[in-house]
Amino acid sequence: IVNSSYRFFDPFCKALGLEQKNKNLAHYILELSLLQPKFLNYPPSLVAASVIYLIKKIRKSESSWNPLMNSLVGYD
């Protein structure tokens, strides 16, 4: 778990203020991604950020990727 996407997931969710229902869905998708070997080719921080982005898109959030998320995760 030291070098897994879970290490990044919780701090990202906390900093972004993700609602609990969205966090639960994101957590589920994150677990599914860990079962797919092709996702192991990506940095864990990118996988965690991508899951959060996906949830924000699914829930039609006003800002799926805002400047705070950009500065927090370091991806555009």
# chains A, B, ... in the order shown; residues from 1 in each chain; ligands from 1
>>> residues_around(residues="stretch 17-24 of chain A", least_positions_apart="2", cutoff="12 Å", atoms="only C-alpha atoms", output="list in words")
Phe9, Asp10, Pro11, Phe12, Cys13, Lys14, Ala15, Ala26, His27, Tyr28, Ile29, Leu30, Glu31, Ala48, Val51, Ile52, Tyr53, Leu54, Ile55, Lys56, Lys57, Ile58, Arg59, Lys60, Ser61, Ser64, Leu68 and Met69 of chain A
>>> select_by_dssp(residues="chain A", states="helix (DSSP H, G or I)", output="PyMOL selection string")
chain A and resi 6-16+20-34+37-41+44-58+67-73
>>> write_last_selection(atoms="N, CA and C atoms", output="short mmCIF file (atom, residue, chain, number, x, y, z; two decimals), in the first residue's frame")
data_model
loop_
_atom_site.label_atom_id
_atom_site.label_comp_id
_atom_site.auth_asym_id
_atom_site.auth_seq_id
_atom_site.Cartn_x
_atom_site.Cartn_y
_atom_site.Cartn_z
N TYR A 6 -3.89 4.38 -3.38
CA TYR A 6 -4.59 4.73 -2.14
C TYR A 6 -3.83 5.79 -1.35
N ARG A 7 -2.52 5.77 -1.48
CA ARG A 7 -1.68 6.76 -0.79
C ARG A 7 -2.04 8.18 -1.23
N PHE A 8 -2.44 8.32 -2.47
CA PHE A 8 -2.77 9.63 -3.02
C PHE A 8 -4.27 9.93 -2.96
N PHE A 9 -5.06 8.89 -3.00
CA PHE A 9 -6.51 9.04 -3.11
C PHE A 9 -7.12 9.82 -1.94
N ASP A 10 -6.86 9.40 -0.72
CA ASP A 10 -7.47 10.07 0.44
C ASP A 10 -7.06 11.53 0.57
N PRO A 11 -5.76 11.85 0.46
CA PRO A 11 -5.41 13.28 0.53
C PRO A 11 -6.05 14.12 -0.58
N PHE A 12 -6.15 13.57 -1.79
CA PHE A 12 -6.80 14.29 -2.89
C PHE A 12 -8.26 14.54 -2.55
N CYS A 13 -8.95 13.52 -2.07
CA CYS A 13 -10.38 13.66 -1.73
C CYS A 13 -10.59 14.68 -0.63
N LYS A 14 -9.72 14.64 0.38
CA LYS A 14 -9.84 15.58 1.49
C LYS A 14 -9.62 17.01 1.02
N ALA A 15 -8.57 17.22 0.26
CA ALA A 15 -8.22 18.57 -0.19
C ALA A 15 -9.29 19.14 -1.12
N LEU A 16 -9.93 18.27 -1.89
CA LEU A 16 -10.93 18.73 -2.84
C LEU A 16 -12.33 18.77 -2.24
N GLN A 20 -19.03 12.35 0.54
CA GLN A 20 -18.85 10.95 0.91
C GLN A 20 -19.39 9.99 -0.14
N LYS A 21 -20.56 10.28 -0.71
CA LYS A 21 -21.12 9.37 -1.72
C LYS A 21 -20.24 9.32 -2.96
N ASN A 22 -19.65 10.46 -3.33
CA ASN A 22 -18.74 10.48 -4.47
C ASN A 22 -17.43 9.79 -4.14
N LYS A 23 -16.97 9.97 -2.91
CA LYS A 23 -15.74 9.31 -2.48
C LYS A 23 -15.92 7.79 -2.49
N ASN A 24 -17.09 7.32 -2.05
CA ASN A 24 -17.35 5.87 -2.05
C ASN A 24 -17.34 5.30 -3.46
N LEU A 25 -17.98 6.00 -4.39
CA LEU A 25 -18.01 5.55 -5.78
C LEU A 25 -16.60 5.58 -6.38
N ALA A 26 -15.87 6.64 -6.09
CA ALA A 26 -14.49 6.75 -6.58
C ALA A 26 -13.62 5.64 -6.01
N HIS A 27 -13.81 5.33 -4.76
CA HIS A 27 -13.05 4.27 -4.11
C HIS A 27 -13.32 2.93 -4.79
N TYR A 28 -14.57 2.68 -5.11
CA TYR A 28 -14.95 1.44 -5.80
C TYR A 28 -14.28 1.36 -7.17
N ILE A 29 -14.32 2.45 -7.91
CA ILE A 29 -13.69 2.45 -9.24
C ILE A 29 -12.18 2.30 -9.11
N LEU A 30 -11.61 2.91 -8.10
CA LEU A 30 -10.18 2.76 -7.87
C LEU A 30 -9.82 1.30 -7.60
N GLU A 31 -10.62 0.63 -6.79
CA GLU A 31 -10.39 -0.79 -6.52
C GLU A 31 -10.48 -1.61 -7.80
N LEU A 32 -11.44 -1.31 -8.65
CA LEU A 32 -11.56 -2.02 -9.93
C LEU A 32 -10.33 -1.79 -10.81
N SER A 33 -9.81 -0.59 -10.78
CA SER A 33 -8.63 -0.30 -11.60
C SER A 33 -7.41 -1.08 -11.15
N LEU A 34 -7.34 -1.36 -9.85
CA LEU A 34 -6.19 -2.12 -9.33
C LEU A 34 -6.21 -3.57 -9.79
N PRO A 37 -4.25 -5.18 -14.89
CA PRO A 37 -2.78 -5.03 -15.01
C PRO A 37 -2.34 -3.83 -15.85
N LYS A 38 -3.14 -3.43 -16.84
CA LYS A 38 -2.72 -2.31 -17.69
C LYS A 38 -2.63 -1.00 -16.92
N PHE A 39 -3.39 -0.88 -15.83
CA PHE A 39 -3.32 0.35 -15.03
C PHE A 39 -2.05 0.42 -14.18
N LEU A 40 -1.34 -0.68 -14.06
CA LEU A 40 -0.10 -0.67 -13.30
C LEU A 40 1.02 0.05 -14.05
N ASN A 41 0.79 0.35 -15.32
CA ASN A 41 1.78 1.08 -16.12
C ASN A 41 1.78 2.57 -15.83
N PRO A 44 0.80 5.88 -9.67
CA PRO A 44 -0.35 5.80 -8.75
C PRO A 44 -1.07 7.14 -8.55
N SER A 45 -0.33 8.23 -8.55
CA SER A 45 -0.97 9.54 -8.37
C SER A 45 -1.87 9.87 -9.56
N LEU A 46 -1.47 9.46 -10.75
CA LEU A 46 -2.27 9.71 -11.95
C LEU A 46 -3.56 8.88 -11.91
N VAL A 47 -3.46 7.65 -11.47
CA VAL A 47 -4.65 6.79 -11.37
C VAL A 47 -5.63 7.38 -10.36
N ALA A 48 -5.14 7.80 -9.21
CA ALA A 48 -6.02 8.39 -8.19
C ALA A 48 -6.67 9.66 -8.71
N ALA A 49 -5.90 10.52 -9.35
CA ALA A 49 -6.45 11.77 -9.89
C ALA A 49 -7.46 11.49 -11.00
N SER A 50 -7.19 10.50 -11.81
CA SER A 50 -8.10 10.15 -12.91
C SER A 50 -9.44 9.64 -12.40
N VAL A 51 -9.40 8.87 -11.35
CA VAL A 51 -10.64 8.36 -10.76
C VAL A 51 -11.49 9.51 -10.23
N ILE A 52 -10.86 10.45 -9.57
CA ILE A 52 -11.59 11.61 -9.05
C ILE A 52 -12.15 12.44 -10.19
N TYR A 53 -11.37 12.62 -11.24
CA TYR A 53 -11.84 13.35 -12.42
C TYR A 53 -13.06 12.64 -13.03
N LEU A 54 -12.98 11.32 -13.14
CA LEU A 54 -14.08 10.54 -13.70
C LEU A 54 -15.36 10.71 -12.89
N ILE A 55 -15.24 10.66 -11.58
CA ILE A 55 -16.41 10.83 -10.72
C ILE A 55 -17.01 12.22 -10.90
N LYS A 56 -16.16 13.21 -10.99
CA LYS A 56 -16.66 14.57 -11.18
C LYS A 56 -17.37 14.71 -12.52
N LYS A 57 -16.89 14.02 -13.55
CA LYS A 57 -17.55 14.04 -14.85
C LYS A 57 -18.88 13.29 -14.78
N ILE A 58 -18.89 12.12 -14.15
CA ILE A 58 -20.11 11.32 -14.02
C ILE A 58 -21.18 12.11 -13.28
N PRO A 67 -8.37 24.71 -11.04
CA PRO A 67 -6.98 25.07 -10.71
C PRO A 67 -6.47 24.44 -9.41
N LEU A 68 -7.36 24.27 -8.42
CA LEU A 68 -6.94 23.62 -7.17
C LEU A 68 -6.50 22.20 -7.43
N MET A 69 -7.28 21.47 -8.22
CA MET A 69 -6.92 20.09 -8.53
C MET A 69 -5.63 20.05 -9.34
N ASN A 70 -5.49 20.99 -10.25
CA ASN A 70 -4.29 21.06 -11.07
C ASN A 70 -3.05 21.26 -10.20
N SER A 71 -3.12 22.19 -9.27
CA SER A 71 -1.96 22.46 -8.41
C SER A 71 -1.73 21.33 -7.40
N LEU A 72 -2.80 20.69 -6.97
CA LEU A 72 -2.70 19.62 -5.99
C LEU A 72 -2.06 18.36 -6.57
N VAL A 73 -2.53 17.94 -7.73
CA VAL A 73 -2.06 16.67 -8.29
C VAL A 73 -0.91 16.83 -9.29
#
